[in-house]
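Colleague: Supplied in structure tokens, the structure appears directly below.
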Amino acid sequence: MALRQTLCVSMLVAASPAPAAEDFIEGVYLQSEELCAKAKKETLQSVIDAGNIVLSAHGLQSVEYNCEFLQITKATLSPSWAVTAICQEPGFIFPDVLSVTQMSPTQIDLVSVRPVVDESEQAGNGGSYVLCNGVALP
């Protein structure tokens, strides 16, 4: 009987989604302070509609593109997290693994394991993002 209860609890734990790291990023991040100013002056949605990427604790979001963060693991020796994500664009869904590093209280850097196919393309899901105080997700 005890074995059956242990097995049921183990199966429940294995099936539960992994919790996010307690101190993961908070707020809305864009790729420049100018974009943050534009989002405050106009709306964040207008910045997104112009083709810019928004970073939040939920993932990356843009027009017809998003990456949902699924599992977040905090590093022990650096202000970084390893993140698994499912990304999608029209007609294409793919997994990604990213490192998310807090470079300063207002700057986050992302590095993706996904290779860049086209040299003119941005560095996949990688890049530097700045915190946009006073801007909220739509």
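The way I read the labels, and the way they are meant: chains A, B, ... in the order of the structure tokens, residue 1 as the first residue of every chain, and ligand 1 as the first ligand shown, with later ones counted on from there.
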Can you tell me, as a ChimeraX atom specification, what residues are no more than 8 Å from range 92-101 of chain A when counting only C-alpha atoms, ignoring any on the same chain fewer than 2 positions away?
Modeller: /A:79-90,103,108-114,125-126
Colleague: List every residue of range 37-78 of chain A that DSSP, applied to the backbone, labels as alpha helix (DSSP H), and write the result as a PyMOL selection string.
Modeller: chain A and resi 37-41+44-49
Colleague: Fewer than 3 positions away in the same chain doesn't count, so skip those; otherwise give me all residues within 6 Å of range 50-63 of chain A, counting only C-alpha atoms, as a VMD selection string.
Modeller: chain A and resid 25 28 to 30 47 66 to 69
Colleague: Quick one: distance from CA of Lys40 in chain A to CA of Thr106 in chain A in Å, one decimal?
Modeller: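 Calculated distance between CA of Lys40 in chain A and CA of Thr106 in chain A is 16.2 Å.
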Colleague: Please measure the separation of CA of Leu131 in chain A and CA of Pro115 in chain A, giving the value in Å to one decimal.
Modeller: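 One can read the CA of Leu131 in chain A to CA of Pro115 in chain A distance as 26.0 Å.
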Colleague: Find the distance between CA of Gln102 in chain A and CA of Ser46 in chain A and write it in Å to one decimal.
Modeller: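 Here the two named atoms are 26.3 Å from each other.
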Colleague: Could you pull out the strand (DSSP E or B) residues of range 10-135 of chain A, going by DSSP on the backbone, and write them as a ChimeraX atom specification?
Modeller: /A:29-30,54-56,59-62,65-74,80-89,92-104,107-112,127-131
